[in-house]
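Chemist: Dumping the structure here so I can ask a few things about it.
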Amino acid sequence: METRIALPRPPTEPDPPSFPLLASLAPVLGAGALWLLLQTPTVLVFALLGPLIALASVGDGKRVRRRRRRQEQERWQSELARVADRIDAALDERRLALAADHPGPRALAARPPHDPHRWRRARGDPVEVVLGTGALPSGIVVEGEVPAADPFGIAAEAERLRSFAAVLRGPVVVDAREGIGLVGPGPLALAAARSAVVQVLDAVPPDAADVIAPDDDAWDWLEAVPHPLHREPASAVRVVGDGLEVTVAVAEHASSLPRECRVVVRIALDEATAGARSCGPEAIAEREAASAAATLALAAEHAGIRRAGGLPAHVDLDALPGAAGGLAAVFLVGDEPIELDLVRDGPHAVVGGTTGSGKSELLLAWVAAIAAGRSTDEVAFLLVDFKGGAAFAPLVALAHCVGVMTDLDEGGARRAIESLRAELRRRERLLAAQGVRAIDAATGIARLVIVVDEFAAMLQELPDLHRLFVDLAARGRSLGVHLVLCTQRPAEAVRDALLANCGIRISLRVTHEHDAVAITGTPEAAAIPLAARGRCVVRISGGATLTAQAAVASPAHLARLVAGAAGQPRPPRPWCEPLPVRLPLAAVPTAGGSTAPLGPAPLVRLGLVDLPAEQRVAPLEWRPALDGPLLAIGGAASGRSSLADLVAGQLGCEVVDREDALWDALQDARQRAPLVVDDVDLQLARLGEEQQGIVAQLLARRMREGAPVALTARRVSSAMGQLAPLAELRILLRIASRQEHLVAGGTGQLHDASLPPGAGWSRDERIQLALPGASAARREPRSVAMPTGRAAIVLGPSVPLPALARAAARPGQPGDVVAGTVAEWEAAWGELDRLRADRPVVALGVDERPLRQLLRHAPPVPPMRGEPAWVLEGGRFERLRYPSSEAGGTA
């Protein structure tokens with residue numbers, strides 16, 4: 001990377017002062033003018049001032065020029081000093097960066113054993129070795145031109161800065177894979193070779209390569225390194241692994257070096273040369289090399305990497321022994337298999353590990369090891385995976401598994417809290433029934449292990465769950481509930497209230513030391529290399545830490561485990577599956593009663609209700625005789641009309657979805673007949689003020705008298721003021737506005753504008769309505785035919801006489817059919833009241849208000865869509881079936 005630094009602007013030579021010609025001539029000309037005017041010779045003396053002024057001006061110009069030249073020189077020196085400071089800072093930064101990238105043998109040996117940067121070399125990367133410190137290109141370019149004319153002598157200073165900035169002293173590095181041959185006096189070459197070998201072993205992890213060393217006392221210090229060591233008669237040290245071969249050789253002459261050494265370094269007391277490069281040699285004593293080897297051994301132990309007889313890189317769960325008693329399981333291997341028992345060592349556990357460290361494999365192996373050899377009467381598992389549930393997919397079919405909780409939202413978290421608290425209450429009741437205080441003394445109660453992956457992510461999204469897990473941790477031991485909490489960030493997620501009850505603590509590789517310390521009390525897990533998947537540090541009940549390798553449960557092992565437990569009964573589930581989005585009516589069981597529509601106590605199956613506090617999903621039913629009227633409120637596409645079809649289909653009645661049909665239904669003499677009204681708020685809004693009051697009053701009376709009445713509405717409108725309080729069973733479907741949800745009687749925290757169709761709330765419990773088998777019939781408004789014979793006809797504006805009244809008499813004239821406009825009937829005052837006593841009154845195209853004014857003491861007019869046409873007969877208005885062809889007289 002190149003850094004560019006600009007030189008300051010060069011100093012400029014001030015221009016020479018000009019001669020003051022006019023200032024010099026002015027006194028001479030003035031003296032001549034005075035002499036001509038005054039004719040006095042003495043005034044000619046003033047002419048001498050011209051030369052004096054000229055001399056003075058020239059002298060002053062030279063003084064100003066010298067001052068400006070001195071100022072330019074001072075500016076250049078000051079700015080040049082600042083440039084020099086910038087160059088020094090840039091060189092220091094480059095030196096620090098090079099020292100950090102290539103620390104050398106002594107700096108490597110001084111790093112702590114748990115340094116996470118050790119052994120992070122990827123396959124195929126160079127194995128860099130520092131030969132010494134020498135001159136290197138700095139990458140710093142000093143820009144700027146120096147003028148050809150150099151009166152100030154600045155060129156030398158600029159060139160000195162350029163030369164100073166171009167070179168720095170830093171580590172001279174070679175790739176050890178090329179093979180390093182060190183030529184020179186024996187002690188010096190051997191000291192440089194020790195330096196190179198220490199650097200190679202610090203770069204290559206012990207489980208990635210073997211060391212082949214000469215069978216010579218000079219290399220005995222290699223006995224302490226953690227790498228597999230082989231001694232044989234040879235003249236070079238070789239580090240050999242998968243895709244890697246490094247050779248470091250020592251000789252007095254280059255011709256004695258092995259041919260693998262393509263980098264030949266000639267060592268002298270104060271200089272080492274490799275080709276055209278020279279440097280001060282990097283050499284260490286045998287004592288320093290032995291200390292570095294001990295540091296590497298300690299680092300390997302902290303990282304869980306050992307030499308022969310140490311930890312394997314892979315352990316199959318099939319190869320480990322089983323365990324009995326409590327919830328004992330063997331799924332870790334240290335110097336020998338490690339047995340962990342949640343009952344004895346727990347009651348809870350926390351597992352930390354970053355992405356790729358092997359958390360999911362460890363959890364699968366742990367669950368499989370506990371389930372092996374135990375029945376569902378002894379142990380059950382509830383698995384929680386906030387990443388989507390894929391981690392526990394192989395265990396879903398296991399008979400011991402009572403559920404998988406995944407991707408919880410706010411409603412799902414509330415459901416989980418209620419379900420798990422209900423599980424604690426259930427266990428308390430079982431213990432109380434047996435007269436014991438703890439599960440250890442009880443019989444017939446299976447222990448429940450709750451395994452949570454991505455615990456920190458879950459708490460970040462759903463912080464309310466933390467209180468639940470603290471409660472579970474505090475009461476779990478006596479009730480037989482055990483937690484295994486797994487997270488990438490244990491320092492943030494697992495707080496003291498939880499950690500105090502976690503006797504088992506396992507830390508796989510973590511990114512930061514404070515995460516490792518938060519779990520096991522030591523930073524060792526932060527030094528586990530990236531390639532050591534499943535390597536972990538274990539601490540049990542505050543004891544000493546152990547380094548272990550987690551076993552892996554193969555797919556075949558898990559398949560055998562699932563198949564072996566297939567015949568066992570499932571344990572009681574603390575967690576029921578969420579309600580389905582689509583629910584056929586056939587999938588809704590009947591809790592009791594009769595579903596016959598004509599029975600004395602009809603029962604309507606509505607769907608399912610989720611009861612997490614009771615750990616069950618129950619049928620949602622409506623018994624009109626016991627539950628009273630039903631009101632369902634929901635926005636567009638929330639399932640209102642489907643609910644109306646569902647209820648009407650089971651009650652054997654029609655759905656009323658028109659205001660005119662609703663008017664007719666309420667006039668029906670059968671007051672106990674079932675009534676299902678869809679969008680009652682919309683129907684009331686379409687009525688006139690008087691009609692609206694009549695319909696609301698009649699509907700309220702029907703609801704009070706105990707008739708089976710089911711209503712749906714988009715919202716609770718003001719016209720429903722006396723109807724809504726009478727609905728004893730209220731269902732709230734999806735409502736877009738939180739305010740309307742509250743007005744409808746809902747609880748603010750339960751409002752959810754994303755509910756699917758048919759989903760909602762009843763008595764603050766989550767429900768899902770069933771889908772109707774078919775759409776129910778819609779009630780049509782009642783109408784009568786045009787009367788024949790004697791009649792009185794009231795015509796609206798521009799309405800022609802029907803065929804019945806072609807020869808009709810005018811108001812006030814005798815005849816069987818008397819027709820007239822509203823104005824004509826008003827002119828014949830009282831005539832219409834006399835005629836309607838013995839004949840029907842037909843009103844065509846006349847609005848309700850003028851008709852009621854014309855027909856004093858007439859009953860209310862029924863609502864009607866389209867062109868108004870009514871007939872009043874027998875003290876009651878009916879809608880008239882009045883085709884347009886008849887109005888034209890063509891029928």
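The chains in the structure tokens are called A, B, ... from first to last as shown; in each chain the residues are counted from 1, and the ligands are counted from 1 in the order shown.
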Among range 476-559 of chain A, which residues carry a DSSP assignment of helix (DSSP H, G or I), reported as a ChimeraX atom specification?

Modeler: /A:476-479,490-493,496-499,513-520,524-527,555-559

Chemist: How would the residues just chosen look if you wrote them out with N, CA and C atoms as a compact mmCIF listing (two decimals), in the first residue's frame?

Modeler:
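That gives us selection13.txt:
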# COMPACT_ATOMS: atom_id res chain seq x y z
N GLY A 476 -36.76 -25.85 38.90
CA GLY A 476 -36.64 -27.05 38.08
C GLY A 476 -36.13 -28.27 38.82
N ARG A 477 -35.19 -28.09 39.76
CA ARG A 477 -34.59 -29.26 40.40
C ARG A 477 -35.64 -30.14 41.08
N SER A 478 -36.52 -29.54 41.88
CA SER A 478 -37.49 -30.35 42.61
C SER A 478 -38.60 -30.87 41.71
N LEU A 479 -38.90 -30.15 40.63
CA LEU A 479 -40.00 -30.55 39.75
C LEU A 479 -39.54 -31.43 38.59
N PRO A 490 -22.63 -15.94 25.45
CA PRO A 490 -23.03 -16.24 26.84
C PRO A 490 -22.85 -15.08 27.79
N ALA A 491 -21.86 -14.23 27.55
CA ALA A 491 -21.62 -13.12 28.47
C ALA A 491 -22.81 -12.17 28.48
N GLU A 492 -23.56 -12.07 27.37
CA GLU A 492 -24.70 -11.16 27.30
C GLU A 492 -26.00 -11.84 27.69
N ALA A 493 -26.16 -13.10 27.33
CA ALA A 493 -27.46 -13.76 27.47
C ALA A 493 -27.68 -14.41 28.82
N ASP A 496 -26.62 -13.74 35.84
CA ASP A 496 -26.27 -14.43 37.08
C ASP A 496 -27.42 -15.24 37.64
N ALA A 497 -28.67 -14.73 37.51
CA ALA A 497 -29.82 -15.45 38.07
C ALA A 497 -29.98 -16.82 37.43
N LEU A 498 -29.61 -16.95 36.14
CA LEU A 498 -29.66 -18.24 35.47
C LEU A 498 -28.38 -19.04 35.71
N LEU A 499 -27.23 -18.37 35.60
CA LEU A 499 -25.96 -19.07 35.67
C LEU A 499 -25.75 -19.72 37.03
N GLU A 513 -12.57 -13.58 24.78
CA GLU A 513 -12.19 -14.21 26.04
C GLU A 513 -13.26 -14.03 27.11
N HIS A 514 -13.95 -12.87 27.13
CA HIS A 514 -14.93 -12.66 28.20
C HIS A 514 -16.11 -13.61 28.07
N ASP A 515 -16.40 -14.09 26.83
CA ASP A 515 -17.44 -15.11 26.69
C ASP A 515 -16.99 -16.44 27.29
N ALA A 516 -15.72 -16.79 27.07
CA ALA A 516 -15.20 -18.02 27.66
C ALA A 516 -15.16 -17.92 29.18
N VAL A 517 -14.72 -16.79 29.69
CA VAL A 517 -14.65 -16.60 31.15
C VAL A 517 -16.04 -16.63 31.76
N ALA A 518 -17.04 -16.08 31.04
CA ALA A 518 -18.40 -16.05 31.58
C ALA A 518 -18.95 -17.45 31.84
N ILE A 519 -18.49 -18.46 31.07
CA ILE A 519 -19.02 -19.82 31.24
C ILE A 519 -18.14 -20.64 32.17
N THR A 520 -16.87 -20.77 31.82
CA THR A 520 -16.00 -21.70 32.55
C THR A 520 -15.06 -21.02 33.53
N GLU A 524 -9.69 -20.17 28.16
CA GLU A 524 -9.12 -21.22 27.31
C GLU A 524 -9.93 -21.43 26.04
N ALA A 525 -11.26 -21.35 26.13
CA ALA A 525 -12.08 -21.65 24.95
C ALA A 525 -11.87 -20.65 23.83
N ALA A 526 -11.39 -19.45 24.15
CA ALA A 526 -11.14 -18.46 23.10
C ALA A 526 -9.92 -18.82 22.26
N ALA A 527 -9.08 -19.75 22.75
CA ALA A 527 -7.89 -20.14 22.01
C ALA A 527 -8.09 -21.40 21.19
N PRO A 555 -26.19 -39.93 11.43
CA PRO A 555 -27.59 -40.11 11.03
C PRO A 555 -28.08 -41.53 11.25
N ALA A 556 -27.21 -42.52 11.03
CA ALA A 556 -27.63 -43.92 11.25
C ALA A 556 -27.90 -44.17 12.73
N HIS A 557 -27.08 -43.58 13.59
CA HIS A 557 -27.29 -43.75 15.04
C HIS A 557 -28.63 -43.16 15.46
N LEU A 558 -28.91 -41.94 14.98
CA LEU A 558 -30.18 -41.28 15.34
C LEU A 558 -31.37 -42.04 14.77
N ALA A 559 -31.23 -42.57 13.56
CA ALA A 559 -32.33 -43.33 12.97
C ALA A 559 -32.62 -44.59 13.80

Chemist: Write out as a PyMOL selection string the residues lying within 10 Å of range 409-424 of chain A, counting only C-alpha atoms and excluding same-chain residues fewer than 5 positions away.

Modeler: chain A and resi 429-430+448+458+461-469+471-472+475-476+479-481+572-576+578+610-616+749-752+766

Chemist: Can I get the selection written as a CSV table (one decimal), in the first residue's frame, with C-alpha atoms?

Modeler:
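Result written to selection_18.csv:
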chain,number,residue,atom,x,y,z
A,429,ARG,CA,-50.2,-31.1,41.5
A,430,LEU,CA,-48.7,-34.5,40.8
A,448,LEU,CA,-38.4,-32.9,31.2
A,458,MET,CA,-34.4,-15.6,21.4
A,461,GLU,CA,-36.3,-10.7,20.2
A,462,LEU,CA,-38.5,-11.8,23.2
A,463,PRO,CA,-37.1,-10.4,26.5
A,464,ASP,CA,-40.2,-11.5,28.4
A,465,LEU,CA,-39.0,-15.1,28.2
A,466,HIS,CA,-36.1,-14.3,30.5
A,467,ARG,CA,-38.3,-14.2,33.6
A,468,LEU,CA,-39.8,-17.6,32.6
A,469,PHE,CA,-36.4,-19.3,32.3
A,471,ASP,CA,-38.4,-19.3,37.2
A,472,LEU,CA,-37.8,-22.7,35.5
A,475,ARG,CA,-37.9,-24.5,40.6
A,476,GLY,CA,-36.6,-27.1,38.1
A,479,LEU,CA,-40.0,-30.6,39.7
A,480,GLY,CA,-37.8,-32.5,37.4
A,481,VAL,CA,-37.4,-29.8,34.8
A,572,PRO,CA,-47.6,-35.6,28.2
A,573,ARG,CA,-47.0,-32.6,26.0
A,574,PRO,CA,-46.4,-29.3,27.8
A,575,TRP,CA,-46.5,-27.7,24.4
A,576,CYS,CA,-49.3,-28.2,21.8
A,578,PRO,CA,-50.1,-24.0,17.1
A,610,ASP,CA,-56.0,-22.7,22.2
A,611,LEU,CA,-55.7,-23.1,25.9
A,612,PRO,CA,-51.9,-23.0,26.7
A,613,ALA,CA,-52.6,-22.4,30.4
A,614,GLU,CA,-54.3,-25.8,30.4
A,615,GLN,CA,-51.8,-27.4,27.9
A,616,ARG,CA,-54.5,-28.4,25.5
A,749,GLN,CA,-51.8,-6.6,24.0
A,750,LEU,CA,-53.8,-9.2,22.0
A,751,HIS,CA,-54.2,-7.0,18.9
A,752,ASP,CA,-52.6,-8.5,15.9
A,766,ARG,CA,-56.7,-17.6,20.6

Chemist: Which is closest to Arg169 in chain A among A:Arg266, A:Gly280, A:Ala208, A:Ala203, if we use only C-alpha atoms?

Modeler: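 For Arg169 in chain A, the nearest of the given residues is A:Gly280.
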
Chemist: Kindly indicate which residue among A:Val173, A:Ala283, A:Leu854, A:Val799 lies nearest to Glu826 in chain A, using only C-alpha atoms for the distances.

Modeler: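 Closest to Glu826 in chain A of all the choices is A:Leu854.
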
Chemist: Can you pull out the residues contacting range 118-133 of chain A? Cut-off 9 Å, using only C-alpha atoms, and skip same-chain residues under 5 positions away; I want them as number ranges by chain.

Modeler: A: 102-105, 108, 111, 113, 169-177, 192, 195-197, 199-206, 242-244, 246, 265, 271-272, 274, 278-283, 299, 527, 529-531

Chemist: I need the residues from that last selection saved to file as a short mmCIF file (atom, residue, chain, number, x, y, z; two decimals), in the first residue's frame (with N, CA and C atoms), if you can.

Modeler:
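Below is the file that was written, selection03.cif:
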data_model
loop_
_atom_site.label_atom_id
_atom_site.label_comp_id
_atom_site.auth_asym_id
_atom_site.auth_seq_id
_atom_site.Cartn_x
_atom_site.Cartn_y
_atom_site.Cartn_z
N HIS A 102 4.51 -9.77 11.29
CA HIS A 102 5.66 -10.67 11.32
C HIS A 102 6.41 -10.44 12.63
N PRO A 103 5.92 -10.99 13.73
CA PRO A 103 6.46 -10.62 15.04
C PRO A 103 7.85 -11.15 15.34
N GLY A 104 8.29 -12.21 14.72
CA GLY A 104 9.59 -12.77 15.05
C GLY A 104 9.50 -13.75 16.20
N PRO A 105 10.58 -14.54 16.43
CA PRO A 105 10.50 -15.65 17.40
C PRO A 105 10.29 -15.19 18.83
N LEU A 108 6.73 -14.01 19.35
CA LEU A 108 5.81 -15.15 19.33
C LEU A 108 5.85 -15.91 20.64
N ARG A 111 3.80 -14.31 23.48
CA ARG A 111 2.34 -14.26 23.43
C ARG A 111 1.76 -15.24 24.43
N PRO A 113 -0.53 -18.21 26.16
CA PRO A 113 -0.94 -19.50 25.59
C PRO A 113 -2.31 -19.48 24.94
N ARG A 169 13.50 0.13 8.24
CA ARG A 169 14.04 -1.14 8.71
C ARG A 169 12.89 -1.97 9.27
N GLY A 170 12.74 -3.18 8.72
CA GLY A 170 11.66 -4.06 9.13
C GLY A 170 12.04 -5.51 8.93
N PRO A 171 11.10 -6.40 9.21
CA PRO A 171 11.39 -7.83 9.12
C PRO A 171 11.58 -8.28 7.67
N VAL A 172 12.63 -9.02 7.44
CA VAL A 172 12.88 -9.64 6.14
C VAL A 172 12.28 -11.04 6.21
N VAL A 173 11.28 -11.31 5.37
CA VAL A 173 10.45 -12.50 5.49
C VAL A 173 10.65 -13.39 4.27
N VAL A 174 10.66 -14.71 4.52
CA VAL A 174 10.68 -15.69 3.44
C VAL A 174 9.59 -16.72 3.73
N ASP A 175 9.20 -17.44 2.68
CA ASP A 175 8.22 -18.51 2.82
C ASP A 175 8.97 -19.81 3.11
N ALA A 176 8.73 -20.36 4.31
CA ALA A 176 9.48 -21.54 4.73
C ALA A 176 9.17 -22.75 3.86
N ARG A 177 8.08 -22.73 3.12
CA ARG A 177 7.78 -23.86 2.24
C ARG A 177 8.82 -24.01 1.13
N ALA A 192 20.12 -19.33 14.33
CA ALA A 192 19.16 -18.85 13.35
C ALA A 192 18.17 -19.94 12.96
N SER A 195 15.45 -20.20 15.52
CA SER A 195 14.48 -19.12 15.31
C SER A 195 13.48 -19.49 14.22
N ALA A 196 13.99 -20.04 13.11
CA ALA A 196 13.09 -20.39 12.00
C ALA A 196 12.14 -21.51 12.39
N VAL A 197 12.63 -22.53 13.10
CA VAL A 197 11.77 -23.66 13.47
C VAL A 197 10.68 -23.21 14.45
N GLN A 199 9.25 -20.35 14.64
CA GLN A 199 8.24 -19.61 13.89
C GLN A 199 7.36 -20.56 13.06
N VAL A 200 7.96 -21.59 12.50
CA VAL A 200 7.17 -22.55 11.72
C VAL A 200 6.18 -23.27 12.62
N LEU A 201 6.62 -23.72 13.79
CA LEU A 201 5.74 -24.46 14.69
C LEU A 201 4.65 -23.57 15.29
N ASP A 202 4.90 -22.26 15.39
CA ASP A 202 3.87 -21.34 15.87
C ASP A 202 2.80 -21.10 14.80
N ALA A 203 3.16 -21.34 13.53
CA ALA A 203 2.21 -21.13 12.44
C ALA A 203 1.41 -22.38 12.12
N VAL A 204 2.00 -23.56 12.31
CA VAL A 204 1.35 -24.81 11.92
C VAL A 204 0.82 -25.50 13.17
N PRO A 205 -0.51 -25.77 13.28
CA PRO A 205 -1.06 -26.40 14.49
C PRO A 205 -0.55 -27.81 14.67
N PRO A 206 -0.50 -28.28 15.92
CA PRO A 206 0.05 -29.61 16.20
C PRO A 206 -0.69 -30.74 15.53
N ASP A 242 -0.43 -32.50 5.84
CA ASP A 242 -1.28 -32.63 4.66
C ASP A 242 -1.09 -31.42 3.77
N GLY A 243 -0.44 -31.59 2.64
CA GLY A 243 -0.21 -30.49 1.71
C GLY A 243 0.86 -29.53 2.18
N LEU A 244 1.72 -29.92 3.13
CA LEU A 244 2.71 -29.01 3.69
C LEU A 244 4.02 -29.75 3.89
N VAL A 246 8.02 -28.38 5.11
CA VAL A 246 8.97 -27.31 5.42
C VAL A 246 10.28 -27.97 5.82
N VAL A 265 20.57 -18.82 3.17
CA VAL A 265 20.85 -17.65 4.01
C VAL A 265 22.26 -17.81 4.57
N GLU A 271 25.29 -9.97 10.38
CA GLU A 271 24.60 -9.81 9.11
C GLU A 271 24.21 -11.17 8.56
N ALA A 272 23.02 -11.19 7.95
CA ALA A 272 22.57 -12.38 7.23
C ALA A 272 22.14 -11.93 5.85
N ALA A 274 20.42 -13.18 2.12
CA ALA A 274 19.68 -14.18 1.35
C ALA A 274 19.50 -13.61 -0.04
N SER A 278 19.82 -8.31 2.64
CA SER A 278 20.65 -8.48 3.82
C SER A 278 19.91 -7.94 5.03
N CYS A 279 20.27 -8.46 6.19
CA CYS A 279 19.56 -8.04 7.41
C CYS A 279 20.40 -8.43 8.61
N GLY A 280 20.05 -7.85 9.74
CA GLY A 280 20.62 -8.31 10.99
C GLY A 280 19.95 -9.62 11.36
N PRO A 281 20.66 -10.70 11.61
CA PRO A 281 20.05 -12.02 11.77
C PRO A 281 19.17 -12.12 13.01
N GLU A 282 18.09 -12.89 12.88
CA GLU A 282 17.19 -13.19 13.98
C GLU A 282 17.60 -14.55 14.52
N ALA A 283 18.19 -14.57 15.71
CA ALA A 283 18.72 -15.81 16.28
C ALA A 283 18.33 -15.86 17.75
N ALA A 299 -0.26 -23.82 25.08
CA ALA A 299 -1.29 -23.33 24.17
C ALA A 299 -2.07 -24.48 23.57
N ALA A 527 -9.08 -19.75 22.75
CA ALA A 527 -7.89 -20.14 22.01
C ALA A 527 -8.09 -21.40 21.19
N PRO A 529 -8.67 -23.54 18.15
CA PRO A 529 -8.54 -23.16 16.73
C PRO A 529 -9.83 -23.40 15.96
N LEU A 530 -9.92 -22.72 14.84
CA LEU A 530 -11.12 -22.77 14.02
C LEU A 530 -11.40 -24.19 13.52
N ALA A 531 -10.34 -24.93 13.23
CA ALA A 531 -10.52 -26.26 12.65
C ALA A 531 -10.96 -27.30 13.68
#
